[in-house]
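So the structure is just underneath, and the comments pick up after that.
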Amino acid sequence: MGFFLQNIVNALQWGSFYALIALGYSMVYSVLMLFNFAHGDIFMAGAYIGFFVASALLGLNALGIVVMPGWLLFVLTVILAMMLTSLLGMLVERIAYRPLRGAPRASAALTGMMVGIILQTGNLALLGAKRRTFPALIPTVTFQIGEASVTNTRIMIVAISVVLMLALHFFVRKTKWGMAMRAMAYDFVVVPLMGVPINSIARLAFGLGSALAAVAGILFGIAYPVLEPYMGLLVGWKAFVAAILGGRGSVLGAAVAGFLLGFIEIFVAAVFPSTLRDLIAYSIILLILTFRPHGFFGEPYSARLRL
Amino acid sequence: MFRKLIVLLSLLALVSAGCGQAATTQQPTIKIGINAELTGDIPKVGEATKYAALMWLEDINAAGGLEVGGKKYKVELVIEDNESKAESAVAANTKLITQDEVLIIVGPQASKQAVPAGEVANNLQCPMISPWSTNPRTTLNRPWVFRACFLDPFQGPVIANFVTQEFGFKKAGVLYDVASDYPKGLAEYFKKAWEDLHGPGSVVAYESFTTKDRDFSAQLAKIIASGAEFIFTPQYYDEVPLILKQARELGWTKPIVGSDSWGSAELVNLAGELCYGLFFSTHYAAAGAKGATKAFIDRYNAKYGYVPDDVAALTWDSLLLVQKAIQDAGPLTGNLKEDRKRVRDALASIKDFEGITGKMTFTEDGDPIKAAVIVRINDRGEFEFYKHVSP
């Protein structure tokens, strides 16, 4: 029982990252109908930006210029990194996606990959292959719930993720901007004719997705404090799987699928030999997609006017 | 005109060659080749090789030469750069053996260079000793090639013995990267050694992940649930800090033990106090060294301004082994082929040699049986000598 509970705690944390990153893929997809393959690397960039912001703030703290408690440092780091990373996301949209809006979709997908490679190798050239340790902004406290070990950071990670997902869901469903995004998802030929600015909406989608990736990056840095330029590669691809599994363009679907992916990976490793983890986990995903090819919350293409 | 120049040059060459011969007949010389990574990817390795070799030569010169069979020989080091490339290492070895006519070669250090260079030495029947190459293929089926360090498989039994003696544990957990050669191989060697000591089933958890994985919580939860008394993880500084952190967060307070892949200063930078007090096995430890090892470290440090690493220490030991082999082989005949054979035989039969990296006895395969060093990471984050352990 304790073992089971412990794995649930582990899976919740691991799933949070997939879910947060998958949301970024979904946001962009719902507006532009294409996947931003640089998203995993924007997550990496977010982690590094968070690292530099946190180091700068810690430096100020150490010098006694601005003295802040750990939680305030953390909140400031998150907010600043979200802002900076969303700027990066918007820049990527402006440079790599907007000029190709009329181009074949394969070209736009390729652009994303190129941007991803540029971000990875640019980081490598700029900062070198040296690993960075994400500073522990909040001291970790471990406590027991029943037979499972839980830390304050784990609870924080899961809580922040869930709150952000709900906020995003609310934003897309209840606000004018969200409505514009959904309308754009419905038809991006007619909707702009009705006065909805497509460029602003695309920028918004990239900005929001990147801000979420920054939060994911910082939380990832706190949970797994070894940063390296290729850290976004594998996580990015797996989160992409979650985005597809959730249903292309569905915020709720991406979040649910992200957690599901975390649970499948952790429990497969917990029950079967861990060598077979990805083999079994992704066979399960393949099976799910065979029976639900549009994911959990996705609509068949034919239901859309655009395709 | 051109022809004249050639005649002149060949005359000059003849004269200079004659001079060289005249010099050697006056004072008998032993030439030792050094094949080192002086430039390229790992110039620090080449530098340590050269520095250790020059320090050794200093001792020989101070003693007025090397005494072999009652006769004093002058020692000359022929240092060749292999540019950290396999093909250059082969070329350097060929040059040293055929052109410079060295008696024995020390180096190359890294397996990438030592494996192909060993092929040349073996074919041309010139003894060679690589101080630092741990790949089994360097010496495999090559009677003329030796090494001064232990091989990868060797650390499995060392760790198994150490943990058994030190803690008296009976149940082991292993966590390793299944997609990487070194950790996978070492995990298997360790499992076998542990089960030989404590019976089948005594490795209660044998968990793996793949390269670039960041979350090990499921594997660690399994290890904890299995009742393992310690975790052996032969990983690099990329994963070890994360494994230590996640294990602690899951409530693990028992020891985590590593192999020589832990021996990087980066590990301490990344893991911080999480790694203090933990043990791993390696070739050599600078902090806490005693006796001859300490004397070597202090002298090297005073001369070159930094604490020598394992390459320097193993090169030093290699040269002392070479010195002993040459002395044991004496008296030298002056026939290079015969002398090389004698030195090889002498090197192969060295027993209980007291090196600064431990006591060595050579096997017929050219690999030493030697004790490994167990290092404890102390509370200042230094790698401190803890004890010697034999397999």
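Order determines the names: the first chain of the structure tokens is A, the second B, and so forth; residues in each chain are numbered 1 upward, and ligands are numbered 1 upward as they are shown.
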Show me, as a tab-separated table, the residues of chain B having an atom within 8 Å of chain A, each with the closest atom pair and its distance in Å, using only C-alpha atoms.
```
residue	atom	partner	partner_atom	distance
B:Val178	CA	A:Thr275	CA	6.9
B:Glu207	CA	A:Ser274	CA	5.8
B:Ser208	CA	A:Thr275	CA	5.5
B:Phe209	CA	A:Thr275	CA	6.2
B:Thr210	CA	A:Thr275	CA	7.8
B:Lys212	CA	A:Met231	CA	7.5
B:Arg214	CA	A:Tyr224	CA	6.6
B:Asp215	CA	A:Trp14	CA	7.4
B:Ser217	CA	A:Asn10	CA	6.1
B:Ala218	CA	A:Ala270	CA	5.4
B:Gln219	CA	A:Ala270	CA	6.5
B:Ala221	CA	A:Phe3	CA	7.0
B:Lys222	CA	A:Ala270	CA	6.2
B:Ala225	CA	A:Phe3	CA	6.7
B:Asp238	CA	A:Val226	CA	7.1
B:Pro241	CA	A:Val226	CA	7.7
B:Leu242	CA	A:Tyr224	CA	5.9
B:Glu249	CA	A:Thr142	CA	6.1
B:Leu250	CA	A:Ser149	CA	5.1
B:Gly251	CA	A:Ser149	CA	5.9
B:Asn269	CA	A:Thr133	CA	7.9
B:Leu270	CA	A:Thr133	CA	5.6
```
Near Cys126 of chain B, within 8 Å and counting only C-alpha atoms, which residues show up once chain neighbours fewer than 2 positions away are dropped, as a PyMOL selection string? chain B and resi 97+103-105+121-124+128+144+340-341+344
Writer output for current selection, N, CA and C atoms, as a CSV table (one decimal), in the first residue's frame:
```csv
chain,number,residue,atom,x,y,z
B,97,ILE,N,59.5,2.9,-32.3
B,97,ILE,CA,60.0,1.6,-32.4
B,97,ILE,C,61.0,1.4,-33.5
B,103,LEU,N,63.7,1.2,-26.2
B,103,LEU,CA,63.6,-0.1,-25.6
B,103,LEU,C,62.2,-0.5,-25.2
B,104,ILE,N,61.5,0.5,-24.7
B,104,ILE,CA,60.1,0.2,-24.3
B,104,ILE,C,59.3,1.5,-24.4
B,105,ILE,N,58.0,1.4,-24.5
B,105,ILE,CA,57.2,2.6,-24.7
B,105,ILE,C,56.2,2.8,-23.5
B,121,ALA,N,52.7,-2.0,-31.3
B,121,ALA,CA,53.8,-2.5,-30.4
B,121,ALA,C,53.9,-4.0,-30.4
B,122,ASN,N,52.7,-4.6,-30.3
B,122,ASN,CA,52.7,-6.1,-30.3
B,122,ASN,C,53.2,-6.7,-31.6
B,123,ASN,N,52.8,-6.1,-32.7
B,123,ASN,CA,53.3,-6.7,-34.0
B,123,ASN,C,54.8,-6.5,-34.2
B,124,LEU,N,55.3,-5.3,-33.7
B,124,LEU,CA,56.7,-5.1,-33.9
B,124,LEU,C,57.5,-5.6,-32.7
B,128,MET,N,55.2,-2.3,-24.4
B,128,MET,CA,54.5,-1.1,-24.2
B,128,MET,C,53.7,-1.2,-22.9
B,144,TRP,N,52.9,-8.4,-25.6
B,144,TRP,CA,53.9,-7.3,-25.5
B,144,TRP,C,53.2,-6.0,-24.9
B,340,ARG,N,64.6,-6.1,-25.8
B,340,ARG,CA,63.1,-5.9,-25.7
B,340,ARG,C,62.4,-7.1,-25.2
B,341,LYS,N,62.9,-8.3,-25.7
B,341,LYS,CA,62.3,-9.5,-25.2
B,341,LYS,C,62.5,-9.7,-23.7
B,344,ARG,N,60.4,-7.3,-21.7
B,344,ARG,CA,59.0,-7.8,-21.7
B,344,ARG,C,58.8,-8.9,-20.6
```
Please provide as a ChimeraX atom specification all residues within 8 Å of segment 53-56 of chain A, with the sequence filter that same-chain residues fewer than 6 positions apart are discarded (counting only C-alpha atoms). /A:73-74,77,80-81,135,137
Can you pull out the residues contacting segment 310-326 of chain B? Cut-off 6 Å, using only C-alpha atoms, and skip same-chain residues under 3 positions away; I want them as a PDB file with N, CA and C atoms, in the first residue's frame.
```pdb
ATOM      1  N   ALA B  48      50.203  15.899 -17.980  1.00  0.00           N
ATOM      2  CA  ALA B  48      50.491  15.139 -16.766  1.00  0.00           C
ATOM      3  C   ALA B  48      51.479  14.010 -17.057  1.00  0.00           C
ATOM      4  N   THR B  49      51.322  13.375 -18.230  1.00  0.00           N
ATOM      5  CA  THR B  49      52.226  12.297 -18.624  1.00  0.00           C
ATOM      6  C   THR B  49      53.659  12.809 -18.718  1.00  0.00           C
ATOM      7  N   ALA B  52      55.146  13.929 -15.247  1.00  0.00           N
ATOM      8  CA  ALA B  52      55.526  12.796 -14.394  1.00  0.00           C
ATOM      9  C   ALA B  52      56.787  12.140 -14.937  1.00  0.00           C
ATOM     10  N   PRO B 131      49.578   3.558 -18.997  1.00  0.00           N
ATOM     11  CA  PRO B 131      49.285   3.783 -17.584  1.00  0.00           C
ATOM     12  C   PRO B 131      47.784   3.807 -17.269  1.00  0.00           C
ATOM     13  N   ALA B 148      49.000  -0.197 -16.325  1.00  0.00           N
ATOM     14  CA  ALA B 148      49.305   0.002 -14.897  1.00  0.00           C
ATOM     15  C   ALA B 148      48.052   0.205 -14.072  1.00  0.00           C
ATOM     16  N   TYR B 284      43.082   6.167  -7.498  1.00  0.00           N
ATOM     17  CA  TYR B 284      44.026   6.930  -6.698  1.00  0.00           C
ATOM     18  C   TYR B 284      43.315   8.114  -6.066  1.00  0.00           C
ATOM     19  N   ALA B 329      65.886  -7.232 -16.073  1.00  0.00           N
ATOM     20  CA  ALA B 329      66.217  -7.887 -17.344  1.00  0.00           C
ATOM     21  C   ALA B 329      67.727  -7.980 -17.555  1.00  0.00           C
ATOM     22  N   VAL B 343      63.158  -7.421 -21.454  1.00  0.00           N
ATOM     23  CA  VAL B 343      62.415  -6.442 -20.661  1.00  0.00           C
ATOM     24  C   VAL B 343      60.947  -6.847 -20.557  1.00  0.00           C
ATOM     25  N   ALA B 346      60.660  -9.625 -18.094  1.00  0.00           N
ATOM     26  CA  ALA B 346      60.864  -9.133 -16.726  1.00  0.00           C
ATOM     27  C   ALA B 346      59.614  -8.400 -16.233  1.00  0.00           C
ATOM     28  N   LEU B 347      59.016  -7.600 -17.124  1.00  0.00           N
ATOM     29  CA  LEU B 347      57.821  -6.844 -16.753  1.00  0.00           C
ATOM     30  C   LEU B 347      56.676  -7.805 -16.429  1.00  0.00           C
ATOM     31  N   GLY B 355      53.592   0.317  -5.789  1.00  0.00           N
ATOM     32  CA  GLY B 355      53.433   1.574  -6.523  1.00  0.00           C
ATOM     33  C   GLY B 355      52.704   2.595  -5.674  1.00  0.00           C
TER      34      GLY B 355
END
```
Straight-line distance linking atom CA of Ala108 of chain A with atom CA of Leu34 of chain A, stated in Å to one decimal: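 The value is 7.6 Å.
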Helix (DSSP H, G or I) positions in segment 76-294 of chain A, given as number ranges by chain: A: 76-100, 105-127, 152-174, 176-186, 190-193, 198-223, 231-246, 251-271, 274-291
As a list in words, please: every residue in segment 105-199 of chain B that a backbone DSSP assignment puts in strand (DSSP E). Ile105, Val106, Met128, Ile129, Ser130, Val145, Phe146, Arg147, Ala172, Gly173, Val174, Leu175, Tyr176 and Asp177 of chain B
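Relative to atom CA of Gly116 of chain A, atom CA of Pro104 of chain A is found at 19.2 Å.
Look at segment 184-192 of chain A: the protein and nucleic acid residues within 9 Å of it, using only C-alpha atoms and passing over chain neighbours fewer than 4 places away, are Tyr29, Ser30, Val31, Leu32, Met33, Met179, Ala180, Val196, Pro197, Ile198, Ile201, Gly249, Arg304, Leu305 and Arg306 of chain A.
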